[in-house]
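Down below is the structure, laid out as structure tokens.
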Amino acid sequence: SARVSSGPWLSLSWCKKSSCFSKRRALHCPHKTNNIKTMIRFILLQNRQGKTRLSKWYLPYEDEEKEKLKLEIHRIITTRESKFTNFVEYRSFKIIYRRYAGLFFTFAVDVNDNELAYLEAIHLFVEVLDHFFGNVCELDLVFNFHKVYMIIDEMFLAGEVQETSKPLIINRLQMLERLE
């Protein structure tokens with residue numbers, strides 16, 4: 001089945017067998033028997049030296065496996081030349097990353113996922129961080145990690161993009177800040 005994307009929150013799938021378009025959030029055609037849900041496996045924020053500043057895991061991994069993944073992914077994305085794309089197929093998933101100043105924002109997603117939608121989600125995440133902290137820097141992430149996790153939880157739920165409206169996310173975050 002072919003996929004046409006109209007944003008990170010909606011994809012249109014076309015089923016050749018039944019000749020239908022179906023609106024499904026990150027799903028393949030509902031007429032197929034092997035519907036595979038696409039998702040984010042984990043999110044990493046690492047600096048240029050390889051120090052992981054934040055990680056959010058949506059699938060269970062052993063601690064040794066997590067450390068191995070962090071090291072290997074950092075090695076892969078820091079050694080890539082800037083002329084290459086920001087997507088790398090790695091193991092059974094795809095690494096989508098973007099560098100902002102000295103930090104690498106990395107998403108590991110399923111192979112079938114739309115890379116550009118996740119690049120857009122990374123950019124939205126950085127914009128929300130920038131608005132929330134006022135010109136965000138690495139130290140903001142380190143000393144206010146609980147707030148960064150709160151932002152991630154507002155944007156991503158169970159490995160899927162939950163919200164893409166920046167004003168709505170910011171309003172919810174401001175409401176949560178008032179509650180604290």
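Ordering of the structure tokens sets the chain letters (A, B, ...), residue numbers begin anew at 1 in every chain, and ligands are numbered from 1 in the order given.
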
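Shell of segment 165-169 of chain A at 10 Å, with only C-alpha atoms counted and residues fewer than 5 places along the chain excluded, is Leu124, Phe125, Glu127, Val128, His131, Ile151, Glu154, Met155, Gln174 and Met175 of chain A.
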
Would you put the residues from that selection into a file with C-alpha atoms, as a compact mmCIF listing (two decimals), in the first residue's frame?
# COMPACT_ATOMS: atom_id res chain seq x y z
CA LEU A 124 8.38 21.52 16.88
CA PHE A 125 9.84 20.00 20.06
CA GLU A 127 10.51 25.37 19.23
CA VAL A 128 8.38 24.47 22.26
CA HIS A 131 9.52 29.14 23.95
CA ILE A 151 6.94 18.69 27.45
CA GLU A 154 2.46 16.65 26.17
CA MET A 155 3.72 16.07 22.63
CA GLN A 174 1.46 27.06 31.21
CA MET A 175 -1.56 25.52 32.91

Notebook entry, point to check: Where in segment 40-105 of chain A does DSSP assign helix (DSSP H, G or I), given as a ChimeraX atom specification?
Noted result: /A:63-79

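Excluding Arg91 of chain A and any residue on its chain fewer than 6 positions from it, the residues at most 12 Å away by only C-alpha atoms are Leu69, Glu72, Ile73, Ala108, Val109, Asp110 and Val111 of chain A.
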
Margin query: Give me, as a VMD selection string, all polymer residues having an atom no more than 10 Å from segment 83-86 of chain A, counting only C-alpha atoms and skipping those fewer than 5 positions away in the same chain.
Written below: chain A and resid 77 95 to 99 106 115 to 116 119

Mind dumping the selected residues with all heavy atoms as a PDB file, in the first residue's frame?
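Below is the file that was written, part_25.pdb:
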ATOM      1  N   ILE A  77      25.741   9.215  14.205  1.00  0.00           N
ATOM      2  CA  ILE A  77      25.266  10.538  13.785  1.00  0.00           C
ATOM      3  C   ILE A  77      26.342  11.610  13.851  1.00  0.00           C
ATOM      4  O   ILE A  77      26.286  12.580  13.104  1.00  0.00           O
ATOM      5  CB  ILE A  77      24.000  10.969  14.552  1.00  0.00           C
ATOM      6  CG1 ILE A  77      24.262  11.109  16.038  1.00  0.00           C
ATOM      7  CG2 ILE A  77      22.863  10.014  14.285  1.00  0.00           C
ATOM      8  CD1 ILE A  77      23.081  11.598  16.840  1.00  0.00           C
ATOM      9  N   ILE A  95      16.820   5.789  12.357  1.00  0.00           N
ATOM     10  CA  ILE A  95      17.244   6.880  13.223  1.00  0.00           C
ATOM     11  C   ILE A  95      16.997   8.179  12.471  1.00  0.00           C
ATOM     12  O   ILE A  95      17.467   8.344  11.343  1.00  0.00           O
ATOM     13  CB  ILE A  95      18.735   6.772  13.573  1.00  0.00           C
ATOM     14  CG1 ILE A  95      19.020   5.479  14.324  1.00  0.00           C
ATOM     15  CG2 ILE A  95      19.182   7.976  14.384  1.00  0.00           C
ATOM     16  CD1 ILE A  95      20.491   5.185  14.460  1.00  0.00           C
ATOM     17  N   ILE A  96      16.272   9.078  13.083  1.00  0.00           N
ATOM     18  CA  ILE A  96      16.017  10.391  12.505  1.00  0.00           C
ATOM     19  C   ILE A  96      16.555  11.399  13.512  1.00  0.00           C
ATOM     20  O   ILE A  96      16.179  11.370  14.686  1.00  0.00           O
ATOM     21  CB  ILE A  96      14.517  10.603  12.250  1.00  0.00           C
ATOM     22  CG1 ILE A  96      14.032   9.534  11.269  1.00  0.00           C
ATOM     23  CG2 ILE A  96      14.244  11.999  11.723  1.00  0.00           C
ATOM     24  CD1 ILE A  96      12.555   9.436  11.133  1.00  0.00           C
ATOM     25  N   TYR A  97      17.453  12.255  13.059  1.00  0.00           N
ATOM     26  CA  TYR A  97      18.108  13.163  14.001  1.00  0.00           C
ATOM     27  C   TYR A  97      18.230  14.554  13.405  1.00  0.00           C
ATOM     28  O   TYR A  97      18.118  14.758  12.198  1.00  0.00           O
ATOM     29  CB  TYR A  97      19.496  12.634  14.382  1.00  0.00           C
ATOM     30  CG  TYR A  97      20.486  12.655  13.241  1.00  0.00           C
ATOM     31  CD1 TYR A  97      21.362  13.716  13.073  1.00  0.00           C
ATOM     32  CD2 TYR A  97      20.545  11.611  12.331  1.00  0.00           C
ATOM     33  CE1 TYR A  97      22.270  13.746  12.024  1.00  0.00           C
ATOM     34  CE2 TYR A  97      21.438  11.623  11.289  1.00  0.00           C
ATOM     35  CZ  TYR A  97      22.296  12.685  11.144  1.00  0.00           C
ATOM     36  OH  TYR A  97      23.181  12.708  10.096  1.00  0.00           O
ATOM     37  N   ARG A  98      18.467  15.496  14.290  1.00  0.00           N
ATOM     38  CA  ARG A  98      18.713  16.875  13.877  1.00  0.00           C
ATOM     39  C   ARG A  98      19.608  17.520  14.921  1.00  0.00           C
ATOM     40  O   ARG A  98      19.437  17.286  16.120  1.00  0.00           O
ATOM     41  CB  ARG A  98      17.395  17.629  13.774  1.00  0.00           C
ATOM     42  CG  ARG A  98      17.512  18.913  13.030  1.00  0.00           C
ATOM     43  CD  ARG A  98      16.210  19.301  12.448  1.00  0.00           C
ATOM     44  NE  ARG A  98      16.401  20.493  11.648  1.00  0.00           N
ATOM     45  CZ  ARG A  98      15.444  21.128  11.077  1.00  0.00           C
ATOM     46  NH1 ARG A  98      14.215  20.705  11.174  1.00  0.00           N
ATOM     47  NH2 ARG A  98      15.694  22.204  10.377  1.00  0.00           N
ATOM     48  N   ARG A  99      20.541  18.311  14.455  1.00  0.00           N
ATOM     49  CA  ARG A  99      21.469  18.967  15.372  1.00  0.00           C
ATOM     50  C   ARG A  99      21.072  20.422  15.550  1.00  0.00           C
ATOM     51  O   ARG A  99      20.874  21.151  14.586  1.00  0.00           O
ATOM     52  CB  ARG A  99      22.889  18.889  14.820  1.00  0.00           C
ATOM     53  CG  ARG A  99      23.885  19.550  15.720  1.00  0.00           C
ATOM     54  CD  ARG A  99      25.278  19.421  15.170  1.00  0.00           C
ATOM     55  NE  ARG A  99      26.162  20.310  15.914  1.00  0.00           N
ATOM     56  CZ  ARG A  99      27.342  20.685  15.500  1.00  0.00           C
ATOM     57  NH1 ARG A  99      27.812  20.243  14.357  1.00  0.00           N
ATOM     58  NH2 ARG A  99      28.067  21.483  16.226  1.00  0.00           N
ATOM     59  N   THR A 106      17.470  13.007  18.654  1.00  0.00           N
ATOM     60  CA  THR A 106      17.398  11.768  17.890  1.00  0.00           C
ATOM     61  C   THR A 106      16.125  11.013  18.222  1.00  0.00           C
ATOM     62  O   THR A 106      15.809  10.814  19.399  1.00  0.00           O
ATOM     63  CB  THR A 106      18.612  10.869  18.220  1.00  0.00           C
ATOM     64  OG1 THR A 106      19.806  11.608  18.053  1.00  0.00           O
ATOM     65  CG2 THR A 106      18.634   9.653  17.330  1.00  0.00           C
ATOM     66  N   GLU A 115       9.827   9.945   7.480  1.00  0.00           N
ATOM     67  CA  GLU A 115      10.982  10.636   8.059  1.00  0.00           C
ATOM     68  C   GLU A 115      10.745  12.132   8.212  1.00  0.00           C
ATOM     69  O   GLU A 115      11.107  12.730   9.224  1.00  0.00           O
ATOM     70  CB  GLU A 115      12.233  10.442   7.186  1.00  0.00           C
ATOM     71  CG  GLU A 115      12.655   9.020   6.996  1.00  0.00           C
ATOM     72  CD  GLU A 115      12.071   8.397   5.731  1.00  0.00           C
ATOM     73  OE1 GLU A 115      11.211   9.039   5.069  1.00  0.00           O
ATOM     74  OE2 GLU A 115      12.452   7.271   5.421  1.00  0.00           O
ATOM     75  N   LEU A 116      10.146  12.742   7.214  1.00  0.00           N
ATOM     76  CA  LEU A 116       9.941  14.190   7.241  1.00  0.00           C
ATOM     77  C   LEU A 116       8.961  14.606   8.336  1.00  0.00           C
ATOM     78  O   LEU A 116       9.109  15.670   8.939  1.00  0.00           O
ATOM     79  CB  LEU A 116       9.477  14.686   5.873  1.00  0.00           C
ATOM     80  CG  LEU A 116      10.490  14.481   4.744  1.00  0.00           C
ATOM     81  CD1 LEU A 116       9.911  14.940   3.423  1.00  0.00           C
ATOM     82  CD2 LEU A 116      11.794  15.187   5.045  1.00  0.00           C
ATOM     83  N   LEU A 119      11.075  14.673  11.425  1.00  0.00           N
ATOM     84  CA  LEU A 119      11.952  15.849  11.430  1.00  0.00           C
ATOM     85  C   LEU A 119      11.158  17.085  11.834  1.00  0.00           C
ATOM     86  O   LEU A 119      11.631  17.934  12.586  1.00  0.00           O
ATOM     87  CB  LEU A 119      12.583  16.062  10.053  1.00  0.00           C
ATOM     88  CG  LEU A 119      13.864  15.310   9.769  1.00  0.00           C
ATOM     89  CD1 LEU A 119      14.326  15.557   8.333  1.00  0.00           C
ATOM     90  CD2 LEU A 119      14.962  15.687  10.733  1.00  0.00           C
TER      91      LEU A 119
END

Next item on the list: Step one, run DSSP on the backbone; step two, keep only residues of segment 6-174 of chain A assigned to strand (DSSP E); then write them as a ChimeraX atom specification.
Entry: /A:11-15,20-24,40-47,52-57,87-90,93-100,103-110,156-157,160-161

Notebook entry, point to check: Near Leu71 of chain A, within 12 Å and counting only C-alpha atoms, which residues show up once chain neighbours fewer than 3 positions away are dropped, as number ranges by chain?
Noted result: A: 44, 46-52, 64-68, 74-78

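Interatomic distance, atom CA of Tyr149 of chain A against atom CA of Lys94 of chain A: 22.5 Å.
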
Margin query: Could you check the closest approach to Asp153 of chain A for each of A:Gly134, A:Lys56, A:Ile40, A:Glu81 and tell me which residue wins, using only C-alpha atoms?
Written below: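 The answer is A:Lys56, which sits nearest to Asp153 of chain A.
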